[in-house]
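Trainee: Input structure: model_27.cif, which contains mmCIF, C-alpha atoms and all ligand atoms.
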```cif
data_final
loop_
_atom_site.label_atom_id
_atom_site.label_comp_id
_atom_site.auth_asym_id
_atom_site.auth_seq_id
_atom_site.Cartn_x
_atom_site.Cartn_y
_atom_site.Cartn_z
CA MET A 858 -112.98 -55.55 -4.61
CA PHE A 859 -115.00 -52.36 -4.29
CA ILE A 860 -118.07 -54.17 -2.96
CA LEU A 861 -115.85 -56.15 -0.61
CA SER A 862 -114.20 -53.05 0.85
CA LEU A 863 -117.61 -51.45 1.27
CA MET A 864 -118.90 -54.51 3.09
CA VAL A 865 -115.89 -54.67 5.41
CA SER A 866 -116.32 -50.95 6.17
CA ALA A 867 -120.00 -51.43 6.91
CA VAL A 868 -119.37 -54.41 9.20
CA LEU A 869 -116.64 -52.46 10.95
CA MET A 870 -118.96 -49.52 11.57
CA VAL A 871 -121.74 -51.75 12.88
CA VAL A 872 -119.26 -53.32 15.31
CA LEU A 873 -118.16 -49.84 16.44
CA PHE A 874 -121.77 -48.81 16.91
CA ALA A 875 -122.50 -51.88 19.05
CA LEU A 876 -119.37 -51.28 21.11
CA GLY A 877 -120.41 -47.65 21.64
CA ILE A 878 -123.83 -48.65 22.91
CA PHE A 879 -122.27 -51.23 25.18
CA MET A 880 -119.88 -48.64 26.62
CA ALA A 881 -122.73 -46.16 27.04
CA LEU A 882 -124.79 -48.73 28.96
CA VAL A 883 -121.83 -49.54 31.19
CA GLY A 884 -121.28 -45.81 31.76
CA ASN A 885 -124.96 -45.33 32.44
CA TYR A 886 -124.84 -48.06 35.04
CA LEU A 887 -121.72 -46.65 36.72
CA ALA A 888 -122.73 -42.98 36.67
CA GLY A 889 -126.44 -43.51 37.20
CA THR A 890 -127.47 -40.88 34.63
CA PRO A 891 -130.50 -41.16 32.29
CA ARG A 892 -130.09 -43.96 29.75
CA ARG A 893 -131.64 -42.22 26.76
CA SER A 894 -129.20 -39.31 26.69
CA TYR A 895 -126.26 -41.71 26.44
CA LEU A 896 -127.83 -43.83 23.76
CA PHE A 897 -128.68 -40.76 21.76
CA SER A 898 -125.24 -39.15 21.90
CA THR A 899 -123.52 -42.46 21.14
CA GLY A 900 -125.87 -43.26 18.28
CA LEU A 901 -125.37 -39.82 16.79
CA PHE A 902 -121.64 -40.11 17.20
CA PHE A 903 -121.36 -43.41 15.34
CA SER A 904 -124.02 -42.71 12.72
CA ILE A 905 -122.24 -39.57 11.60
CA GLY A 906 -118.92 -41.46 11.57
CA PHE A 907 -120.48 -44.22 9.51
CA LEU A 908 -122.00 -41.82 6.99
CA ILE A 909 -118.69 -40.01 6.58
CA ALA A 910 -116.84 -43.27 5.97
CA LEU A 911 -119.49 -44.44 3.51
CA GLY A 912 -119.46 -41.11 1.67
CA THR A 913 -115.69 -41.25 1.47
CA ILE A 914 -115.70 -44.63 -0.21
CA VAL A 915 -118.65 -44.12 -2.54
CA PHE A 916 -118.62 -40.50 -3.62
CA LEU A 917 -115.05 -39.25 -3.77
CA PRO A 918 -113.66 -38.96 -7.34
CA GLY A 919 -112.35 -42.20 -8.74
CA SER A 920 -113.61 -44.40 -5.94
CA LEU A 921 -116.01 -46.31 -8.14
CA SER A 922 -113.24 -47.41 -10.49
CA TYR A 923 -111.53 -49.09 -7.55
CA SER A 924 -111.06 -52.41 -9.34
CA ASN A 925 -109.84 -50.83 -12.54
CA GLY A 926 -106.53 -49.87 -11.08
CA GLU A 927 -106.07 -46.13 -11.07
CA PRO A 928 -105.70 -43.91 -9.17
CA TYR A 929 -105.05 -46.82 -6.88
CA SER A 930 -102.89 -45.68 -3.99
CA PHE A 931 -105.11 -42.64 -3.40
CA LYS A 932 -108.17 -44.81 -2.87
CA ALA A 933 -106.24 -47.40 -0.93
CA ASN A 934 -105.31 -44.78 1.66
CA LEU A 935 -108.86 -43.52 1.98
CA TRP A 936 -110.16 -47.01 2.51
CA ASP A 937 -107.43 -47.88 4.98
CA TYR A 938 -108.31 -44.93 7.12
CA SER A 939 -112.07 -45.08 6.78
CA ALA A 940 -112.36 -46.27 10.38
CA VAL A 941 -110.25 -43.32 11.53
CA ILE A 942 -112.37 -40.98 9.44
CA ALA A 943 -115.44 -42.43 11.17
CA GLY A 944 -113.75 -41.71 14.49
CA VAL A 945 -113.06 -38.10 13.50
CA GLY A 946 -116.72 -37.74 12.52
CA GLY A 947 -117.64 -39.17 15.90
CA VAL A 948 -115.38 -36.73 17.73
CA PHE A 949 -116.98 -33.86 15.88
CA ALA A 950 -120.50 -35.07 16.69
CA ALA A 951 -119.64 -35.66 20.33
CA LEU A 952 -118.10 -32.19 20.68
CA VAL A 953 -121.11 -30.52 19.13
CA TRP A 954 -123.36 -32.49 21.43
CA GLN A 955 -121.34 -31.77 24.57
CA PHE A 956 -120.72 -28.06 24.11
CA PHE A 957 -123.85 -26.81 22.42
CA VAL A 958 -126.61 -29.10 23.63
CA ARG A 959 -125.68 -30.88 26.81
CA SER A 960 -123.19 -28.50 28.41
CA ARG A 961 -124.88 -28.87 31.79
CA GLN A 962 -123.92 -32.56 32.15
CA SER A 963 -121.56 -33.97 34.71
CA ARG A 964 -117.79 -34.52 34.39
CA GLN A 965 -118.21 -38.30 34.39
CA GLU A 966 -120.33 -38.05 31.32
CA VAL A 967 -117.77 -35.93 29.46
CA ALA A 968 -115.07 -38.43 30.42
CA LEU A 969 -117.21 -41.30 29.14
CA VAL A 970 -117.85 -39.63 25.78
CA CYS A 971 -114.08 -39.04 25.44
CA LEU A 972 -113.51 -42.74 26.13
CA ILE A 973 -116.04 -43.78 23.51
CA THR A 974 -114.47 -41.33 21.09
CA LEU A 975 -111.19 -43.18 21.40
CA LEU A 976 -112.76 -46.51 20.47
CA PRO A 977 -112.78 -46.15 16.69
CA PHE A 978 -109.08 -45.36 16.76
CA ALA A 979 -108.36 -48.53 18.67
CA CYS A 980 -110.58 -50.51 16.33
CA SER A 981 -109.06 -49.02 13.20
CA ASP A 982 -105.79 -50.72 14.11
CA SER A 983 -107.39 -54.12 14.44
CA ALA A 984 -109.33 -53.47 11.26
CA ASN A 985 -106.05 -52.82 9.48
CA SER A 986 -104.66 -56.12 10.65
CA THR A 987 -107.75 -58.10 9.68
CA VAL A 988 -107.52 -56.73 6.17
CA SER A 989 -103.74 -57.08 6.00
CA ASN A 990 -104.03 -59.56 3.15
CA MET A 991 -105.98 -57.04 1.17
CA THR A 992 -103.44 -54.40 2.09
CA ALA A 993 -100.65 -56.60 0.77
CA ALA A 994 -102.53 -57.01 -2.48
CA ARG A 995 -103.01 -53.27 -2.73
CA GLU A 996 -99.36 -52.56 -2.09
CA ALA A 997 -98.49 -55.05 -4.78
CA LYS A 998 -100.76 -53.16 -7.15
CA ALA A 999 -99.16 -49.82 -6.37
CA GLU A 1000 -95.79 -51.43 -6.95
CA GLY A 1001 -97.06 -52.90 -10.22
CA LYS A 1002 -98.00 -49.55 -11.67
CA GLU A 1003 -94.61 -48.80 -13.14
CA LEU A 1004 -94.46 -52.31 -14.53
CA ARG A 1005 -97.85 -51.87 -16.12
CA ASP A 1006 -96.67 -48.74 -17.88
CA THR A 1007 -93.43 -50.16 -19.28
CA ILE A 1008 -95.06 -53.40 -20.35
CA LYS A 1009 -97.40 -51.48 -22.66
CA LYS A 1010 -94.44 -51.05 -24.99
CA ILE A 1011 -94.64 -54.67 -26.10
CA GLU A 1012 -98.35 -54.55 -26.92
CA PRO A 1013 -97.78 -54.18 -30.69
CA PHE A 1014 -95.97 -57.52 -30.76
CA PHE A 1015 -99.08 -59.47 -29.74
CA LYS A 1016 -102.27 -60.37 -31.52
CA PRO A 1017 -105.50 -59.83 -29.59
CA MET A 1018 -107.44 -63.07 -29.13
CA GLY A 1019 -110.00 -63.28 -31.93
CA LYS A 1020 -113.11 -65.42 -32.15
CA PRO A 1021 -112.18 -69.04 -31.47
CA ALA A 1022 -112.21 -71.52 -34.35
CA ALA A 1023 -114.36 -74.66 -34.01
CA TYR A 1024 -111.82 -76.85 -32.23
CA ASP A 1025 -109.97 -74.15 -30.29
CA TRP A 1026 -109.76 -74.19 -26.52
CA LEU A 1027 -112.05 -71.20 -26.08
CA ALA A 1028 -114.74 -72.75 -28.28
CA SER A 1029 -115.30 -75.37 -25.58
CA HIS A 1030 -114.08 -73.58 -22.43
CA ASN A 1031 -115.80 -70.49 -21.16
CA GLU A 1032 -112.93 -68.68 -19.43
CA PRO A 1033 -112.86 -65.12 -18.10
CA GLY A 1034 -109.09 -64.59 -18.48
CA GLN A 1035 -107.00 -62.83 -15.86
CA THR A 1036 -105.56 -59.34 -16.05
CA PHE A 1037 -102.42 -58.32 -14.19
CA ASP A 1038 -104.57 -56.51 -11.59
CA GLU A 1039 -106.81 -59.51 -11.08
CA TYR A 1040 -103.71 -61.65 -10.67
CA LEU A 1041 -102.34 -59.38 -7.95
CA SER A 1042 -105.70 -59.35 -6.14
CA ALA A 1043 -105.72 -63.16 -6.09
CA GLN A 1044 -102.69 -63.27 -3.77
CA PRO A 1045 -100.74 -65.49 -6.14
CA THR A 1046 -98.22 -68.15 -5.20
CA LYS A 1047 -94.84 -66.64 -5.96
CA PRO A 1048 -91.19 -67.35 -5.23
CA THR A 1049 -90.12 -66.21 -1.75
CA THR A 1050 -86.69 -65.64 -0.22
CA GLU A 1051 -86.70 -69.27 0.93
CA ARG A 1052 -88.17 -70.62 -2.32
CA GLN A 1053 -86.09 -69.47 -5.24
CA ARG A 1054 -85.65 -72.60 -7.34
CA ILE A 1055 -87.60 -74.41 -9.99
CA TYR A 1056 -87.04 -78.18 -9.87
CA ILE A 1057 -87.42 -80.36 -12.94
CA LEU A 1058 -88.01 -84.06 -12.45
CA PRO A 1059 -87.63 -86.46 -15.41
CA LEU A 1060 -90.28 -89.13 -14.85
CA GLY A 1061 -90.26 -92.50 -16.66
CA THR A 1062 -88.29 -93.40 -19.77
CA PHE A 1063 -87.34 -91.14 -22.68
CA ASN A 1064 -85.99 -91.63 -26.19
CA ARG A 1065 -82.79 -89.81 -27.19
CA ASN A 1066 -84.59 -86.80 -28.74
CA GLN A 1067 -86.77 -86.35 -25.71
CA GLU A 1068 -83.86 -86.74 -23.32
CA ASN A 1069 -81.90 -83.99 -25.05
CA LEU A 1070 -84.77 -81.61 -24.55
CA ILE A 1071 -84.80 -81.80 -20.76
CA GLY A 1072 -81.70 -79.64 -20.32
CA VAL A 1073 -82.85 -77.21 -22.99
CA ALA A 1074 -86.25 -76.82 -21.33
CA ALA A 1075 -84.47 -76.20 -18.02
CA ASP A 1076 -82.41 -73.40 -19.63
CA TYR A 1077 -85.51 -71.86 -21.12
CA LEU A 1078 -87.41 -71.87 -17.81
CA GLU A 1079 -84.39 -70.27 -16.17
CA ALA A 1080 -84.41 -67.41 -18.69
CA PHE A 1081 -88.21 -67.17 -18.75
CA TYR A 1082 -88.77 -66.96 -14.98
CA ASP A 1083 -85.34 -65.69 -13.93
CA LEU A 1084 -85.01 -68.43 -11.31
CA THR A 1085 -82.36 -71.11 -10.84
CA VAL A 1086 -83.54 -74.36 -12.38
CA VAL A 1087 -82.34 -77.61 -10.82
CA GLN A 1088 -82.66 -81.00 -12.50
CA MET A 1089 -83.58 -83.80 -10.10
CA ALA A 1090 -82.44 -87.41 -10.49
CA PRO A 1091 -84.80 -89.29 -12.85
CA ARG A 1092 -87.49 -91.54 -11.36
CA ASN A 1093 -89.56 -94.38 -12.70
CA LEU A 1094 -93.19 -93.75 -13.35
CA THR A 1095 -95.31 -96.54 -11.95
CA SER A 1096 -99.00 -96.10 -12.46
CA PRO A 1097 -101.19 -98.29 -10.27
CA ALA A 1098 -104.62 -99.27 -11.54
CA PRO A 1099 -107.17 -96.50 -11.08
CA SER A 1100 -104.58 -93.90 -12.03
CA SER A 1101 -103.84 -95.16 -15.51
CA ARG A 1102 -105.79 -96.39 -18.51
CA GLN A 1103 -105.40 -97.44 -22.10
CA ASN A 1104 -106.38 -94.69 -24.52
CA ARG A 1105 -109.20 -95.92 -26.72
CA PHE A 1106 -107.80 -94.29 -29.88
CA THR A 1107 -104.05 -94.81 -29.55
CA ARG A 1108 -104.18 -98.01 -27.44
CA THR A 1109 -101.23 -96.73 -25.43
CA ARG A 1110 -100.90 -96.32 -21.67
CA GLN A 1111 -102.00 -93.00 -20.22
CA VAL A 1112 -101.35 -91.80 -16.69
CA LYS A 1113 -103.74 -89.62 -14.76
CA ALA A 1114 -102.05 -86.24 -14.28
CA ARG A 1115 -103.68 -85.70 -10.88
CA TYR A 1116 -102.05 -88.93 -9.64
CA ILE A 1117 -98.60 -87.59 -10.56
CA LEU A 1118 -99.30 -84.24 -8.89
CA ASP A 1119 -100.72 -85.65 -5.64
CA GLU A 1120 -98.99 -89.00 -5.17
CA VAL A 1121 -95.61 -88.52 -6.86
CA LEU A 1122 -94.73 -84.84 -6.66
CA LYS A 1123 -96.32 -83.46 -3.49
CA PRO A 1124 -94.49 -85.88 -1.15
CA ILE A 1125 -91.07 -84.98 -2.60
CA LEU A 1126 -91.53 -81.23 -3.03
CA PRO A 1127 -88.24 -79.69 -1.77
CA ASN A 1128 -88.54 -76.96 0.84
CA ASP A 1129 -86.74 -74.40 -1.30
CA ALA A 1130 -88.85 -75.14 -4.41
CA ALA A 1131 -90.74 -72.23 -5.90
CA ALA A 1132 -92.13 -74.93 -8.20
CA LEU A 1133 -91.57 -78.58 -9.01
CA ILE A 1134 -92.39 -79.67 -12.53
CA ALA A 1135 -92.20 -83.24 -13.76
CA LEU A 1136 -91.47 -84.07 -17.34
CA THR A 1137 -92.63 -87.36 -18.78
CA ALA A 1138 -92.77 -89.16 -22.12
CA ASP A 1139 -95.95 -90.94 -21.01
CA ASP A 1140 -99.26 -89.72 -22.32
CA LEU A 1141 -101.47 -87.96 -19.73
CA TYR A 1142 -105.19 -87.54 -19.17
CA SER A 1143 -107.06 -85.46 -16.62
CA ASN A 1144 -110.42 -87.25 -16.27
CA GLU A 1145 -112.49 -89.90 -17.98
CA SER A 1146 -114.07 -87.44 -20.38
CA THR A 1147 -110.79 -86.08 -21.76
CA ASN A 1148 -108.88 -87.81 -24.51
CA TYR A 1149 -105.51 -86.46 -23.31
CA VAL A 1150 -103.82 -83.38 -21.81
CA PHE A 1151 -100.41 -81.89 -22.65
CA GLY A 1152 -99.84 -81.10 -19.01
CA GLN A 1153 -101.50 -80.16 -15.77
CA ALA A 1154 -100.42 -78.05 -12.81
CA SER A 1155 -101.76 -77.06 -9.44
CA ILE A 1156 -102.51 -73.39 -8.88
CA GLU A 1157 -101.90 -73.77 -5.12
CA ASN A 1158 -99.46 -76.61 -4.51
CA ARG A 1159 -96.44 -75.60 -6.62
CA VAL A 1160 -96.41 -78.89 -8.55
CA GLY A 1161 -97.04 -79.60 -12.21
CA VAL A 1162 -96.39 -82.15 -14.93
CA TRP A 1163 -96.06 -81.99 -18.67
CA SER A 1164 -95.87 -84.67 -21.29
CA LEU A 1165 -93.71 -84.89 -24.39
CA SER A 1166 -95.71 -87.79 -25.71
CA ARG A 1167 -97.75 -85.97 -28.36
CA LEU A 1168 -95.51 -82.99 -28.99
CA ASP A 1169 -93.32 -84.69 -31.60
CA ASP A 1170 -96.26 -85.90 -33.75
CA ASN A 1171 -95.41 -85.50 -37.47
CA THR A 1172 -93.11 -82.59 -37.08
CA ASP A 1173 -89.57 -81.23 -37.40
CA LYS A 1174 -87.08 -80.84 -34.59
CA GLN A 1175 -87.61 -77.12 -34.24
CA THR A 1176 -91.38 -77.30 -33.89
CA PHE A 1177 -91.01 -80.12 -31.35
CA LEU A 1178 -88.65 -77.90 -29.37
CA ARG A 1179 -90.94 -74.87 -29.50
CA ARG A 1180 -93.95 -76.93 -28.41
CA THR A 1181 -92.01 -78.38 -25.51
CA LEU A 1182 -90.85 -74.97 -24.33
CA LYS A 1183 -94.33 -73.49 -24.62
CA VAL A 1184 -95.94 -76.26 -22.57
CA ALA A 1185 -93.16 -76.13 -19.96
CA ALA A 1186 -93.45 -72.37 -19.45
CA HIS A 1187 -97.25 -72.56 -19.56
CA GLU A 1188 -97.53 -75.22 -16.83
CA THR A 1189 -94.94 -73.45 -14.68
CA GLY A 1190 -96.99 -70.26 -15.06
CA HIS A 1191 -99.98 -72.10 -13.56
CA MET A 1192 -97.81 -73.04 -10.59
CA PHE A 1193 -97.30 -69.33 -10.00
CA SER A 1194 -101.11 -68.94 -9.98
CA MET A 1195 -101.31 -67.59 -13.51
CA ARG A 1196 -104.62 -68.47 -15.12
CA HIS A 1197 -105.37 -68.91 -18.80
CA CYS A 1198 -105.00 -65.82 -20.91
CA THR A 1199 -107.92 -64.80 -23.12
CA LYS A 1200 -106.82 -61.28 -24.03
CA TYR A 1201 -104.09 -62.11 -26.55
CA GLU A 1202 -102.75 -65.08 -28.47
CA CYS A 1203 -100.40 -65.86 -25.62
CA LEU A 1204 -98.22 -68.62 -24.26
CA MET A 1205 -100.61 -68.70 -21.27
CA SER A 1206 -103.73 -69.23 -23.39
CA GLY A 1207 -105.31 -72.67 -23.14
CA THR A 1208 -104.82 -74.95 -26.15
CA ASN A 1209 -106.91 -77.88 -27.31
CA ASN A 1210 -104.66 -79.23 -30.04
CA LEU A 1211 -101.21 -78.92 -31.55
CA ALA A 1212 -102.35 -76.57 -34.32
CA GLU A 1213 -103.43 -74.16 -31.62
CA THR A 1214 -100.19 -74.64 -29.67
CA ASP A 1215 -98.20 -73.95 -32.84
CA ARG A 1216 -100.12 -70.76 -33.51
CA ARG A 1217 -99.20 -69.32 -30.10
CA PRO A 1218 -96.01 -67.33 -29.60
CA LEU A 1219 -93.06 -68.59 -27.57
CA ASP A 1220 -93.67 -65.72 -25.19
CA ALA A 1221 -96.22 -64.26 -22.81
CA CYS A 1222 -98.40 -61.26 -23.71
CA PRO A 1223 -98.11 -57.87 -21.92
CA GLU A 1224 -100.59 -58.84 -19.16
CA CYS A 1225 -98.89 -62.16 -18.47
CA THR A 1226 -95.37 -60.73 -18.84
CA ALA A 1227 -96.25 -58.15 -16.18
CA LYS A 1228 -97.15 -61.06 -13.87
CA ILE A 1229 -93.84 -62.80 -14.61
CA CYS A 1230 -91.79 -59.64 -14.03
CA TRP A 1231 -93.68 -58.97 -10.82
CA LEU A 1232 -93.20 -62.46 -9.40
CA SER A 1233 -89.55 -62.78 -10.39
CA GLU A 1234 -88.64 -59.11 -9.83
CA VAL A 1235 -86.64 -59.24 -13.06
CA VAL A 1236 -85.75 -56.24 -15.21
CA GLN A 1237 -87.82 -56.82 -18.29
CA ARG A 1238 -85.19 -55.72 -20.83
CA GLU A 1239 -82.57 -58.05 -19.35
CA ARG A 1240 -85.08 -60.89 -19.45
CA TYR A 1241 -85.65 -60.37 -23.17
CA ASP A 1242 -81.88 -60.29 -23.75
CA ARG A 1243 -81.52 -63.63 -22.00
CA LEU A 1244 -84.44 -65.13 -23.93
CA ALA A 1245 -82.90 -63.89 -27.20
CA ALA A 1246 -79.55 -65.46 -26.31
CA PHE A 1247 -81.27 -68.73 -25.41
CA SER A 1248 -83.24 -68.81 -28.66
CA ARG A 1249 -80.17 -68.06 -30.79
CA LYS A 1250 -78.15 -70.77 -29.05
CA ASN A 1251 -80.87 -73.34 -29.71
CA GLY A 1252 -81.47 -72.57 -33.37
CA LEU A 1253 -84.66 -70.54 -32.91
CA SER A 1254 -83.43 -67.51 -34.83
CA ARG A 1255 -86.84 -66.00 -35.60
CA ASP A 1256 -87.75 -66.08 -31.92
CA ALA A 1257 -84.34 -64.61 -31.09
CA ASP A 1258 -84.95 -61.68 -33.45
CA GLU A 1259 -88.39 -61.10 -31.96
CA PHE A 1260 -86.98 -61.07 -28.40
CA ASP A 1261 -84.29 -58.63 -29.57
CA ARG A 1262 -86.95 -56.31 -30.96
CA LYS A 1263 -88.88 -56.45 -27.70
CA SER A 1264 -85.72 -55.69 -25.75
CA ALA A 1265 -85.13 -52.67 -28.01
CA ALA A 1266 -88.74 -51.58 -27.50
CA MET A 1267 -88.20 -51.63 -23.73
CA ARG A 1268 -85.07 -49.47 -24.08
CA THR A 1269 -86.69 -46.75 -26.13
CA ASP A 1270 -90.14 -45.95 -27.37
CA VAL A 1271 -89.50 -47.77 -30.63
CA ARG A 1272 -92.64 -49.52 -31.86
CA ARG A 1273 -92.64 -52.35 -34.29
CA PRO A 1274 -93.54 -51.08 -37.79
ZN ZN B 1 -103.16 -74.32 -18.94
ZN ZN B 2 -101.34 -63.51 -21.74
#
```
Write the structure described by the file as structure tokens, please.

Mentor:
Amino acid sequence: MFILSLMVSAVLMVVLFALGIFMALVGNYLAGTPRRSYLFSTGLFFSIGFLIALGTIVFLPGSLSYSNGEPYSFKANLWDYSAVIAGVGGVFAALVWQFFVRSRQSRQEVALVCLITLLPFACSDSANSTVSNMTAAREAKAEGKELRDTIKKIEPFFKPMGKPAAYDWLASHNEPGQTFDEYLSAQPTKPTTERQRIYILPLGTFNRNQENLIGVAADYLEAFYDLTVVQMAPRNLTSPAPSSRQNRFTRTRQVKARYILDEVLKPILPNDAAALIALTADDLYSNESTNYVFGQASIENRVGVWSLSRLDDNTDKQTFLRRTLKVAAHETGHMFSMRHCTKYECLMSGTNNLAETDRRPLDACPECTAKICWLSEVVQRERYDRLAAFSRKNGLSRDADEFDRKSAAMRTDVRRP
């Protein structure tokens, strides 16, 4: 981000410089005065402006920690107005030049220098609009500061990600993770005023156990993301030839997740959907080299799919439920542009196998929770209360107690012993 802002500033200043020379040449032509004096005053004017802007960005206290977050708004303002600062430097240089060195020049020339002096101010407006996306990201960061502070209170509830075991996700995937700040900078897909609902689509056939879980998963997503969850009418899952295969170990049918995302979900994505997630009992795979995937979601297109097919392998009802909820919330998180978490053992961390899924908590870590609170604009304490009520209602009493403790931690400064 820092390098980027520096580059944009530099490009901006070069453009200003070129414009200044152009104006000076036009003025030279109109007024018929010596060319070199104009070029010199204009060059001086913009060079000083450029140096001031550069110095502002590079040398003022805190500027170099731009991407680390704080003190964010202070630097954001400086950067926003760097073009104006360049203009002020230009005014100063032009004044010095006019009054102390070239005071004998004609009125036309003075008028021309004044005109050129105004240019950076005009350009600073257009510069602001060209970087409006970046400005939006910066505003989001300033807004996220309070969130970042309160969310620290739940840190003691989470285990930092240790060294991956042999078959863990991170042993075979080199992932950088994604902090809350990085998330905000990535201009994430989030619910808007027009898109406030999560749609769940049951796809294919389900056994009784699996069917019962659909409504429960919907309730959980509602509490987890604080958005209305709507169940769509079930659909059949046809899987034409290149989009399905027989798994060589299990000998059962597998459907390519990408086919479901692109061919089934994208065409029926409702206009008011913040996300559309399909739930299927069919086994999924992502490409020829993978054995299977639990689910897959698009970071940009607001569609995702998750499979129940392997989640009930050799286990009790409660573990099956927890696995289902974890995968559902995880895939939905991807649809809100959340990437895999590598900082903590977190619901948003990638998992390679069920042992790894089971090890992960039924909740997102502080970094990922900050993202959720930011995108849903929910009050964190109330969210934990709702998640506790959900867990208690569905027989997950240990999770309910944990959510209660987190809610209490948000209320006061109580830390877990
Ligand atoms: Zn994932
Ligand atoms: Zn996380």

Trainee: What lies within 7 Å of A:Thr1046 using all atoms listed in the file, ignoring chain neighbours under 4 positions off, as a list in words?

Mentor: Glu1157, Phe1193 and Ser1194 of chain A

Trainee: Residues within 8 Å of ligand ZN 2 (chain B), counting all atoms listed in the file: report them as a PyMOL selection string.

Mentor: chain A and resi 1197-1206+1221-1226

Trainee: Name each residue within 9 Å of ligand ZN 1 (chain B), counting all atoms listed in the file, as JSON, numbers by chain.

Mentor: {"A": [1151, 1152, 1153, 1154, 1184, 1187, 1188, 1190, 1191, 1195, 1196, 1197, 1198, 1205, 1206, 1207, 1208]}

Trainee: May I ask for the distance between atom CA of A:Leu1165 and atom CA of A:Ala1138, given in Å to one decimal place?

Mentor: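 So the two atoms, atom CA of A:Leu1165 and atom CA of A:Ala1138, lie 4.9 Å apart.
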
Trainee: Using all atoms listed in the file, which of A:Ala1022, A:Val1150, A:Val1121, A:Leu1178 sits nearest A:Ile1071?

Mentor: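 Ranked by minimum distance to A:Ile1071, first place goes to A:Leu1178.
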
Trainee: Can you work out the spacing between atom CA of A:Lys1047 and atom CA of A:Ala1257 in Å, to one decimal?

Mentor: 27.3 Å

Trainee: Could you jot down the atom CA of A:Lys1123 to atom CA of A:Arg1092 separation for me, Å, one decimal place?

Mentor: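 Here the two named atoms are 14.3 Å from each other.
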
Trainee: Rank A:Lys1250, A:Arg1240, A:Arg1108, A:Arg1268 by their smallest atom-to-atom distance to A:Leu1078, using all atoms listed in the file, and report the top residue only.

Mentor: A:Arg1240

Trainee: Under the rule that only C-alpha atoms are counted, which of A:Glu1145, A:Asn1093, A:Glu1239, A:Glu1012 is the nearest residue to A:Gly1061?

Mentor: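 Among the listed residues, A:Asn1093 lies closest to A:Gly1061.
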
Trainee: Given the choices A:Asn1031, A:Ser904, A:Ser1233, A:Thr1007, which gets closest to A:Ile1055 if the distance is worked out from only C-alpha atoms?

Mentor: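 Closest candidate: A:Ser1233.
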
Trainee: For each of A:Asp1256, A:Val1235, A:Asn1148, A:Asp1220, take the minimum atom-to-atom distance to A:Ile1011, counting all atoms listed in the file, then give the residue where this is smallest.

Mentor: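 Closest residue, counting all atoms listed in the file: A:Asp1220.
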
Trainee: Could you check which of A:Leu1253, A:Ala1185, A:Arg1005, A:Pro1091 is closest to A:Thr1036, using only C-alpha atoms?

Mentor: A:Arg1005

Trainee: Give me, as a list in words, all polymer residues having an atom no more than 12 Å from A:Glu1068, counting all atoms listed in the file and skipping those fewer than 3 positions away in the same chain.

Mentor: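 After dropping sequence-adjacent residues, the list is Leu1058, Pro1059, Leu1060, Gly1061, Thr1062, Phe1063, Asn1064, Arg1065, Ile1071, Gly1072, Val1073, Ala1074, Ala1075, Pro1091, Leu1136, Thr1137, Ala1138, Leu1165, Leu1178 and Thr1181 of chain A.
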
Trainee: Padding of 6 Å on every side, edges along x, y and z, all listed atoms of stretch 1171-1186 of chain A included: what centre and edge lengths in Å, to one decimal, does that box have, as AutoDock Vina command-line options?

Mentor:
```
--center_x -91.5 --center_y -78.9 --center_z -28.5 --size_x 20.9 --size_y 25.1 --size_z 30.0
```

Trainee: Just want the 12 Å neighbourhood of A:Phe1177, counted on only C-alpha atoms, with same-chain residues fewer than 2 positions away dropped. Output as a list in words.

Mentor: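 Using only C-alpha atoms, the neighbours found are Asn1066, Gln1067, Asn1069, Leu1070, Ala1074, Leu1165, Ser1166, Arg1167, Leu1168, Asp1169, Asp1170, Asn1171, Thr1172, Asp1173, Lys1174, Gln1175, Arg1179, Arg1180, Thr1181, Leu1182, Lys1183, Val1184, Leu1211, Thr1214, Asp1215 and Leu1253 of chain A.
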
Trainee: Find the residues near A:Thr1049: any atom within 12 Å, counting all atoms listed in the file, skip ones fewer than 3 places away on the same chain, and give them as a CSV table (one decimal) with C-alpha atoms, in the frame of the given file.

Mentor:
```
chain,number,residue,atom,x,y,z
A,1045,PRO,CA,-100.7,-65.5,-6.1
A,1046,THR,CA,-98.2,-68.2,-5.2
A,1052,ARG,CA,-88.2,-70.6,-2.3
A,1053,GLN,CA,-86.1,-69.5,-5.2
A,1054,ARG,CA,-85.6,-72.6,-7.3
A,1055,ILE,CA,-87.6,-74.4,-10.0
A,1084,LEU,CA,-85.0,-68.4,-11.3
A,1128,ASN,CA,-88.5,-77.0,0.8
A,1129,ASP,CA,-86.7,-74.4,-1.3
A,1130,ALA,CA,-88.8,-75.1,-4.4
A,1131,ALA,CA,-90.7,-72.2,-5.9
A,1132,ALA,CA,-92.1,-74.9,-8.2
A,1193,PHE,CA,-97.3,-69.3,-10.0
A,1232,LEU,CA,-93.2,-62.5,-9.4
A,1233,SER,CA,-89.6,-62.8,-10.4
A,1234,GLU,CA,-88.6,-59.1,-9.8
```
